[in-house]
Each structure stands twice: as structure tokens, then as C-alpha cells.
Amino acid sequence: MIYSWAGASHVGRSRTNNEDAFAPHADGTGSGPLVVAVADGMGGHIAGEVASRVAIEAAMAEAGSATERVLAGNSRVVEAVVADPSLAGMGTTLTLASFGADGAVDLAHIGDSRAYLWRDGKLTQLTKDHTLVAELVAEGRLDPAEVRAHPQRNLITRVIGMGKAIDVDHVGLETLDGDRYLLCSDGLTSMLDDDEIAAKMTGEPVEAVWALVEAANNAGGEDNITVIVVDVAA
Ligand code: MN
């Protein structure tokens, strides 16, 4: 497989600092393996930025499966709080995809940073948001149309850094020629619905990345926006 990827992170229009982190920072093309990841940190003062950066660095440095990488990110964030109690309460999402030279995709995540597959002109969300509103929708207790206005829409139910024992969600699939994968923080998906995201799935990865960032900012830019696009060619 030939993978072509691009990523970007933007502070948005209302925050003063960017607590998102992503990897790799350099856009490129290669035959794989390729690992990409998005993290969205939270915590007081600088703690959110520390959490997302530490999780990404640990996950990228780890060898092994996507789940093992996410667990490594969690361990390092927990250890960082033990080493520096002023960071207590920090946490982060982490969504990571590992693309094999053979076309196998290994995806793992905690939190509400999403991964999508764009295949045959159709956008499919591959991850499940670990949020209160997503759980209420899954249980049939909340109308999907009411999610955006829900007062607790930002409440995350599973996050990196909250303890050593954590459940990581995992998805495995096979890439096809022409697939496009999208990883993003909620600064994108809280501003744009899936149809609006699908409308920006044109052009090279770098063009799609910046079109999405711009669209999220035009829609309000209320949060940090991080986007990674990976194209697959056989
Ligand atoms: Mn966010």
C-alpha cells in the first residue's frame, strides 16, 4: 500500500492556547507501516497541553499494537501526575491508527477524538465517542438532533490519565485502494456535522486538512481543531 498523509492543528477562534496534539508533524508519502494519532488534552493551567503531548509521545515511541500504544500513553500520563502533583486532574483523549504495509489498519482510542473512513463517497465513523451524550443516544434516551445543544455535551466518560486500569476500544479493518481515513479532535466534529465534513473530502490530503480546519473556524471555531487525513493507494 502507498499511504499519503497530512495533519494540522489550529487553536480555533475562541481559545487562547491549543491543548490538542498530533503526530506525525511532517506530511509525507510511504509504503507503511504508518502510525498517526490525535490527542485532546484537558486540565487546569498547562496540564491539558502536557497530557496530550505526553500521551502522543509515549504512544508513538511504543512498539506494538494500537491498543498497546494507547495503554503506553495512559501509563505515561499517570506517571507524569505522580512525578508532578501540580498536574493532578489532567487527562487527554487519544485516538491512534496504525497502517501496515499489507493494508491492515489497527485502530485504538479513548475519549471523543474520532476516526472516520471515507470510502466510495460515504463517510463512516469508526470510533464510538466516550461521552455522556453518545451513551444516552445509544440507549435511546437522547435524540441525536439534540446532542449539540445538550448542556453536558462535553462530558467525557473515559479519558487517559484517570488511572492505570483503563478499557481501550479497538477496531481492525483492511484498507482498500482509494480509501481515505480521517482522525480529528472534537473541535472539528462539534462545529461540523458528518455531511459538512464529507463535503470537504476533496483534493490532496493537505488540501482536505486545511479545508476542514477553515470550515470549523468559519462555523465558530469554539475549540482547538486537529485533523489528520491518510489516503490509501494500492
Ligand atoms: Mn476539544
# chains A, B, ... in the order shown; residues from 1 in each chain; ligands from 1
>>> closest_atom_pairs(of="chain A", to="ligand 1", cutoff="9 Å", atoms="only C-alpha atoms and all ligand atoms", output="Markdown table")
| residue | atom | partner | partner_atom_place_in_ligand_line | distance |
| --- | --- | --- | --- | --- |
| A:Glu19 | CA | ligand 1 | 1 (Mn) | 7.7 |
| A:Asp20 | CA | ligand 1 | 1 (Mn) | 7.0 |
| A:Ala39 | CA | ligand 1 | 1 (Mn) | 8.8 |
| A:Asp40 | CA | ligand 1 | 1 (Mn) | 5.4 |
| A:Gly41 | CA | ligand 1 | 1 (Mn) | 7.4 |
| A:Met42 | CA | ligand 1 | 1 (Mn) | 8.2 |
| A:Thr93 | CA | ligand 1 | 1 (Mn) | 8.9 |
| A:Asp112 | CA | ligand 1 | 1 (Mn) | 8.4 |
| A:Ser113 | CA | ligand 1 | 1 (Mn) | 7.9 |
| A:Asn154 | CA | ligand 1 | 1 (Mn) | 8.6 |
| A:Ser185 | CA | ligand 1 | 1 (Mn) | 5.7 |
| A:Asp186 | CA | ligand 1 | 1 (Mn) | 4.7 |
| A:Gly187 | CA | ligand 1 | 1 (Mn) | 4.9 |
| A:Leu188 | CA | ligand 1 | 1 (Mn) | 8.3 |
| A:Ser190 | CA | ligand 1 | 1 (Mn) | 8.5 |
| A:Glu222 | CA | ligand 1 | 1 (Mn) | 8.9 |
| A:Asp223 | CA | ligand 1 | 1 (Mn) | 5.6 |
| A:Asn224 | CA | ligand 1 | 1 (Mn) | 5.7 |
| A:Ile225 | CA | ligand 1 | 1 (Mn) | 7.2 |
| A:Thr226 | CA | ligand 1 | 1 (Mn) | 8.7 |
>>> write_last_selection(atoms="all heavy atoms", output="short mmCIF file (atom, residue, chain, number, x, y, z; two decimals), in the first residue's frame")
data_model
loop_
_atom_site.label_atom_id
_atom_site.label_comp_id
_atom_site.auth_asym_id
_atom_site.auth_seq_id
_atom_site.Cartn_x
_atom_site.Cartn_y
_atom_site.Cartn_z
N GLU A 19 -4.62 22.84 23.31
CA GLU A 19 -4.37 21.67 24.15
C GLU A 19 -4.42 20.37 23.35
O GLU A 19 -4.31 19.29 23.92
CB GLU A 19 -5.39 21.62 25.30
CG GLU A 19 -5.28 22.82 26.24
CD GLU A 19 -6.23 22.75 27.42
OE1 GLU A 19 -7.38 22.29 27.25
OE2 GLU A 19 -5.82 23.14 28.53
N ASP A 20 -4.62 20.47 22.05
CA ASP A 20 -4.56 19.28 21.19
C ASP A 20 -3.10 18.97 20.85
O ASP A 20 -2.24 19.85 20.89
CB ASP A 20 -5.30 19.53 19.87
CG ASP A 20 -6.82 19.56 20.01
OD1 ASP A 20 -7.32 19.37 21.12
OD2 ASP A 20 -7.47 19.78 18.97
N ALA A 39 -4.63 13.68 19.99
CA ALA A 39 -4.96 13.74 21.41
C ALA A 39 -5.51 15.11 21.73
O ALA A 39 -5.07 16.12 21.18
CB ALA A 39 -3.72 13.45 22.26
N ASP A 40 -6.49 15.16 22.62
CA ASP A 40 -7.16 16.40 23.02
C ASP A 40 -7.10 16.48 24.54
O ASP A 40 -7.82 15.77 25.23
CB ASP A 40 -8.60 16.36 22.50
CG ASP A 40 -9.41 17.59 22.87
OD1 ASP A 40 -8.96 18.40 23.69
OD2 ASP A 40 -10.52 17.72 22.32
N GLY A 41 -6.20 17.33 25.03
CA GLY A 41 -5.93 17.38 26.47
C GLY A 41 -6.90 18.25 27.23
O GLY A 41 -7.54 19.14 26.69
N MET A 42 -6.99 17.96 28.53
CA MET A 42 -7.83 18.76 29.42
C MET A 42 -7.16 18.83 30.78
O MET A 42 -6.44 17.93 31.19
CB MET A 42 -9.23 18.17 29.52
CG MET A 42 -9.27 16.74 30.03
SD MET A 42 -10.59 15.76 29.29
CE MET A 42 -10.02 15.52 27.61
N THR A 93 -7.80 12.72 25.53
CA THR A 93 -8.27 11.69 24.63
C THR A 93 -7.04 11.15 23.89
O THR A 93 -5.99 11.80 23.87
CB THR A 93 -9.24 12.25 23.58
OG1 THR A 93 -8.49 13.05 22.64
CG2 THR A 93 -10.32 13.10 24.21
N ASP A 112 -13.23 11.19 22.92
CA ASP A 112 -14.14 11.59 21.85
C ASP A 112 -13.44 12.15 20.62
O ASP A 112 -14.09 12.79 19.79
CB ASP A 112 -15.19 12.58 22.37
CG ASP A 112 -14.59 13.92 22.78
OD1 ASP A 112 -13.35 14.01 22.88
OD2 ASP A 112 -15.36 14.87 23.01
N SER A 113 -12.14 11.92 20.49
CA SER A 113 -11.48 12.25 19.22
C SER A 113 -11.80 11.10 18.26
O SER A 113 -11.64 9.94 18.61
CB SER A 113 -9.97 12.40 19.40
OG SER A 113 -9.69 13.45 20.30
N ASN A 154 -20.13 18.12 26.51
CA ASN A 154 -18.67 17.97 26.57
C ASN A 154 -18.21 16.98 27.63
O ASN A 154 -17.01 16.81 27.82
CB ASN A 154 -18.03 19.33 26.85
CG ASN A 154 -18.20 20.29 25.69
OD1 ASN A 154 -18.14 19.89 24.53
ND2 ASN A 154 -18.45 21.55 25.99
N SER A 185 -9.97 15.90 16.34
CA SER A 185 -10.44 16.23 17.68
C SER A 185 -11.86 16.79 17.58
O SER A 185 -12.36 17.10 16.49
CB SER A 185 -9.50 17.24 18.34
OG SER A 185 -9.50 18.46 17.65
N ASP A 186 -12.51 16.93 18.73
CA ASP A 186 -13.92 17.37 18.73
C ASP A 186 -14.07 18.84 18.33
O ASP A 186 -15.20 19.29 18.11
CB ASP A 186 -14.59 17.09 20.08
CG ASP A 186 -14.08 17.99 21.19
OD1 ASP A 186 -12.92 18.43 21.11
OD2 ASP A 186 -14.84 18.23 22.15
N GLY A 187 -12.97 19.56 18.23
CA GLY A 187 -13.06 20.93 17.70
C GLY A 187 -13.53 20.94 16.26
O GLY A 187 -14.08 21.93 15.78
N LEU A 188 -13.34 19.82 15.55
CA LEU A 188 -13.90 19.68 14.20
C LEU A 188 -15.35 19.21 14.26
O LEU A 188 -16.24 19.84 13.68
CB LEU A 188 -13.08 18.69 13.37
CG LEU A 188 -13.57 18.56 11.92
CD1 LEU A 188 -13.07 19.72 11.09
CD2 LEU A 188 -13.14 17.24 11.29
N SER A 190 -17.57 19.10 16.67
CA SER A 190 -18.57 19.90 17.37
C SER A 190 -19.02 21.09 16.52
O SER A 190 -20.08 21.67 16.79
CB SER A 190 -18.04 20.39 18.73
OG SER A 190 -16.90 21.18 18.55
N GLU A 222 -14.96 27.16 18.05
CA GLU A 222 -15.08 27.31 19.50
C GLU A 222 -14.07 26.48 20.30
O GLU A 222 -13.96 26.64 21.51
CB GLU A 222 -16.51 26.95 19.93
CG GLU A 222 -17.53 27.98 19.48
CD GLU A 222 -18.96 27.53 19.68
OE1 GLU A 222 -19.17 26.55 20.41
OE2 GLU A 222 -19.87 28.16 19.09
N ASP A 223 -13.35 25.60 19.62
CA ASP A 223 -12.38 24.74 20.31
C ASP A 223 -11.16 24.57 19.41
O ASP A 223 -11.19 24.93 18.23
CB ASP A 223 -13.06 23.37 20.59
CG ASP A 223 -12.28 22.50 21.56
OD1 ASP A 223 -11.28 22.96 22.15
OD2 ASP A 223 -12.69 21.33 21.74
N ASN A 224 -10.11 24.01 19.96
CA ASN A 224 -8.94 23.67 19.17
C ASN A 224 -9.34 22.62 18.13
O ASN A 224 -10.14 21.73 18.42
CB ASN A 224 -7.83 23.08 20.04
CG ASN A 224 -7.47 23.93 21.25
OD1 ASN A 224 -7.18 23.38 22.31
ND2 ASN A 224 -7.49 25.23 21.13
N ILE A 225 -8.77 22.73 16.93
CA ILE A 225 -9.16 21.86 15.81
C ILE A 225 -7.92 21.11 15.33
O ILE A 225 -6.94 21.73 14.92
CB ILE A 225 -9.71 22.70 14.64
CG1 ILE A 225 -10.85 23.61 15.10
CG2 ILE A 225 -10.16 21.79 13.49
CD1 ILE A 225 -10.92 24.90 14.29
N THR A 226 -8.00 19.79 15.36
CA THR A 226 -6.88 18.99 14.88
C THR A 226 -7.40 17.94 13.90
O THR A 226 -8.40 17.28 14.18
CB THR A 226 -6.14 18.32 16.05
OG1 THR A 226 -5.67 19.35 16.92
CG2 THR A 226 -4.96 17.49 15.55
#
>>> select_by_dssp(residues="segment 69-102 of chain A", states="strand (DSSP E)", output="PDB file with all heavy atoms, in the first residue's frame")
ATOM      1  N   GLY A  91      -5.936  15.133  31.870  1.00  0.00           N
ATOM      2  CA  GLY A  91      -6.312  13.964  31.093  1.00  0.00           C
ATOM      3  C   GLY A  91      -6.275  14.292  29.624  1.00  0.00           C
ATOM      4  O   GLY A  91      -6.034  15.440  29.232  1.00  0.00           O
ATOM      5  N   THR A  92      -6.499  13.291  28.819  1.00  0.00           N
ATOM      6  CA  THR A  92      -6.500  13.529  27.376  1.00  0.00           C
ATOM      7  C   THR A  92      -7.249  12.402  26.666  1.00  0.00           C
ATOM      8  O   THR A  92      -7.315  11.280  27.173  1.00  0.00           O
ATOM      9  CB  THR A  92      -5.062  13.640  26.824  1.00  0.00           C
ATOM     10  OG1 THR A  92      -5.103  13.936  25.432  1.00  0.00           O
ATOM     11  CG2 THR A  92      -4.277  12.354  27.023  1.00  0.00           C
ATOM     12  N   LEU A  94      -7.159   9.997  23.281  1.00  0.00           N
ATOM     13  CA  LEU A  94      -6.104   9.520  22.378  1.00  0.00           C
ATOM     14  C   LEU A  94      -6.740   8.582  21.361  1.00  0.00           C
ATOM     15  O   LEU A  94      -7.370   7.591  21.738  1.00  0.00           O
ATOM     16  CB  LEU A  94      -4.990   8.806  23.154  1.00  0.00           C
ATOM     17  CG  LEU A  94      -3.807   8.304  22.330  1.00  0.00           C
ATOM     18  CD1 LEU A  94      -3.132   9.419  21.535  1.00  0.00           C
ATOM     19  CD2 LEU A  94      -2.769   7.622  23.231  1.00  0.00           C
ATOM     20  N   THR A  95      -6.606   8.944  20.109  1.00  0.00           N
ATOM     21  CA  THR A  95      -7.107   8.121  19.012  1.00  0.00           C
ATOM     22  C   THR A  95      -5.942   7.863  18.077  1.00  0.00           C
ATOM     23  O   THR A  95      -5.300   8.808  17.596  1.00  0.00           O
ATOM     24  CB  THR A  95      -8.261   8.833  18.293  1.00  0.00           C
ATOM     25  OG1 THR A  95      -9.337   8.985  19.228  1.00  0.00           O
ATOM     26  CG2 THR A  95      -8.751   8.027  17.093  1.00  0.00           C
ATOM     27  N   LEU A  96      -5.640   6.589  17.852  1.00  0.00           N
ATOM     28  CA  LEU A  96      -4.423   6.215  17.134  1.00  0.00           C
ATOM     29  C   LEU A  96      -4.738   5.152  16.089  1.00  0.00           C
ATOM     30  O   LEU A  96      -5.482   4.210  16.357  1.00  0.00           O
ATOM     31  CB  LEU A  96      -3.391   5.690  18.144  1.00  0.00           C
ATOM     32  CG  LEU A  96      -2.025   5.270  17.619  1.00  0.00           C
ATOM     33  CD1 LEU A  96      -0.936   5.617  18.640  1.00  0.00           C
ATOM     34  CD2 LEU A  96      -1.984   3.772  17.313  1.00  0.00           C
ATOM     35  N   ALA A  97      -4.177   5.334  14.896  1.00  0.00           N
ATOM     36  CA  ALA A  97      -4.342   4.347  13.834  1.00  0.00           C
ATOM     37  C   ALA A  97      -2.984   3.926  13.326  1.00  0.00           C
ATOM     38  O   ALA A  97      -2.129   4.769  13.037  1.00  0.00           O
ATOM     39  CB  ALA A  97      -5.174   4.917  12.688  1.00  0.00           C
ATOM     40  N   SER A  98      -2.800   2.612  13.227  1.00  0.00           N
ATOM     41  CA  SER A  98      -1.558   2.049  12.727  1.00  0.00           C
ATOM     42  C   SER A  98      -1.862   1.348  11.401  1.00  0.00           C
ATOM     43  O   SER A  98      -2.722   0.463  11.346  1.00  0.00           O
ATOM     44  CB  SER A  98      -1.022   1.052  13.765  1.00  0.00           C
ATOM     45  OG  SER A  98       0.146   0.443  13.307  1.00  0.00           O
ATOM     46  N   PHE A  99      -1.203   1.777  10.332  1.00  0.00           N
ATOM     47  CA  PHE A  99      -1.437   1.255   8.987  1.00  0.00           C
ATOM     48  C   PHE A  99      -0.265   0.356   8.609  1.00  0.00           C
ATOM     49  O   PHE A  99       0.886   0.808   8.558  1.00  0.00           O
ATOM     50  CB  PHE A  99      -1.548   2.402   7.977  1.00  0.00           C
ATOM     51  CG  PHE A  99      -2.712   3.319   8.205  1.00  0.00           C
ATOM     52  CD1 PHE A  99      -2.592   4.415   9.059  1.00  0.00           C
ATOM     53  CD2 PHE A  99      -3.926   3.102   7.570  1.00  0.00           C
ATOM     54  CE1 PHE A  99      -3.664   5.279   9.270  1.00  0.00           C
ATOM     55  CE2 PHE A  99      -5.009   3.959   7.776  1.00  0.00           C
ATOM     56  CZ  PHE A  99      -4.872   5.040   8.625  1.00  0.00           C
TER      57      PHE A  99
END
>>> atom_distance(atom1="atom CA of Ala26 of chain A", atom2="atom CA of His109 of chain A")
22.0 Å
>>> closest_residue(among="A:Thr189, A:Thr127, A:Gln152, A:Thr175", to="Ala104 of chain A", atoms="only C-alpha atoms")
A:Thr175
>>> atom_distance(atom1="atom CA of Ala216 of chain A", atom2="atom CA of Gly172 of chain A")
28.8 Å
>>> atom_distance(atom1="atom CA of Gly73 of chain A", atom2="atom CA of Arg180 of chain A")
25.5 Å
>>> residues_around(residues="Gly103 of chain A", least_positions_apart="4", cutoff="10 Å", atoms="only C-alpha atoms", output="compact mmCIF listing (two decimals) with N, CA, C and O atoms, in the first residue's frame")
# COMPACT_ATOMS: atom_id res chain seq x y z
N MET A 1 0.84 -1.19 0.00
CA MET A 1 0.00 0.00 0.00
C MET A 1 0.88 1.25 0.00
O MET A 1 1.96 1.26 0.57
N ILE A 2 0.36 2.29 -0.64
CA ILE A 2 1.02 3.59 -0.57
C ILE A 2 0.12 4.52 0.24
O ILE A 2 -1.06 4.71 -0.09
N TYR A 3 0.67 5.06 1.30
CA TYR A 3 -0.06 5.98 2.16
C TYR A 3 0.45 7.40 1.94
O TYR A 3 1.66 7.64 1.89
N SER A 31 5.19 3.57 2.11
CA SER A 31 4.52 2.29 1.94
C SER A 31 4.08 1.68 3.27
O SER A 31 3.53 0.59 3.29
N GLY A 32 4.32 2.37 4.38
CA GLY A 32 3.95 1.85 5.68
C GLY A 32 5.04 0.94 6.24
O GLY A 32 5.94 0.55 5.50
N PRO A 33 5.00 0.59 7.52
CA PRO A 33 3.94 0.98 8.45
C PRO A 33 3.93 2.47 8.75
O PRO A 33 4.96 3.13 8.70
N SER A 98 -2.80 2.61 13.23
CA SER A 98 -1.56 2.05 12.73
C SER A 98 -1.86 1.35 11.40
O SER A 98 -2.72 0.46 11.35
N PHE A 99 -1.20 1.78 10.33
CA PHE A 99 -1.44 1.26 8.99
C PHE A 99 -0.26 0.36 8.61
O PHE A 99 0.89 0.81 8.56
N LEU A 173 -9.45 -3.31 10.58
CA LEU A 173 -10.03 -3.43 9.25
C LEU A 173 -8.95 -3.44 8.19
O LEU A 173 -7.77 -3.26 8.49
N GLU A 174 -9.38 -3.71 6.96
CA GLU A 174 -8.45 -3.77 5.84
C GLU A 174 -8.68 -2.57 4.95
O GLU A 174 -9.82 -2.27 4.59
N THR A 175 -7.60 -1.91 4.55
CA THR A 175 -7.74 -0.78 3.64
C THR A 175 -8.01 -1.28 2.23
O THR A 175 -7.65 -2.39 1.86
N LEU A 176 -8.68 -0.42 1.45
CA LEU A 176 -8.87 -0.67 0.02
C LEU A 176 -8.28 0.51 -0.75
O LEU A 176 -8.18 1.62 -0.23
N ASP A 177 -7.92 0.25 -1.99
CA ASP A 177 -7.43 1.31 -2.87
C ASP A 177 -8.46 2.44 -2.91
O ASP A 177 -9.65 2.18 -3.13
N VAL A 232 -5.07 6.13 0.87
CA VAL A 232 -4.53 4.81 0.59
C VAL A 232 -4.59 4.55 -0.91
O VAL A 232 -5.65 4.73 -1.53
N ALA A 233 -3.49 4.12 -1.49
CA ALA A 233 -3.46 3.68 -2.87
C ALA A 233 -2.81 2.31 -2.94
O ALA A 233 -1.81 2.07 -2.24
N ALA A 234 -3.39 1.41 -3.69
CA ALA A 234 -2.84 0.05 -3.74
C ALA A 234 -1.59 0.05 -4.65
O ALA A 234 -1.46 0.87 -5.54
>>> closest_residue(among="A:Asp169, A:Asp194, A:Asp102, A:Glu204", to="Lys128 of chain A", atoms="only C-alpha atoms")
A:Asp169
>>> residues_around(residues="Asn18 of chain A", least_positions_apart="3", cutoff="8 Å", atoms="only C-alpha atoms", output="list of chain:residue names")
A:His10, A:Val11, A:Arg15, A:Glu49, A:Asn224
>>> residues_around(residues="segment 82-90 of chain A", least_positions_apart="2", cutoff="6 Å", atoms="only C-alpha atoms", output="PyMOL selection string")
chain A and resi 42-43+47-48+79-80
>>> residues_around(residues="Trp118 of chain A", least_positions_apart="5", cutoff="10 Å", atoms="only C-alpha atoms", output="NGL selection string")
:A and (123-125 or 178-182 or 198 or 201 or 231)
>>> write_last_selection(atoms="C-alpha atoms", output="compact mmCIF listing (two decimals), in the first residue's frame")
# COMPACT_ATOMS: atom_id res chain seq x y z
CA LEU A 123 -18.32 8.80 5.47
CA THR A 124 -18.42 6.22 8.27
CA GLN A 125 -17.46 6.94 11.87
CA GLY A 178 -8.93 4.81 -2.74
CA ASP A 179 -9.77 4.81 0.97
CA ARG A 180 -9.33 7.99 2.96
CA TYR A 181 -9.03 7.95 6.75
CA LEU A 182 -9.73 10.99 8.91
CA ALA A 198 -17.97 14.80 3.77
CA MET A 201 -13.25 15.32 1.43
CA ASP A 231 -5.06 8.40 1.72
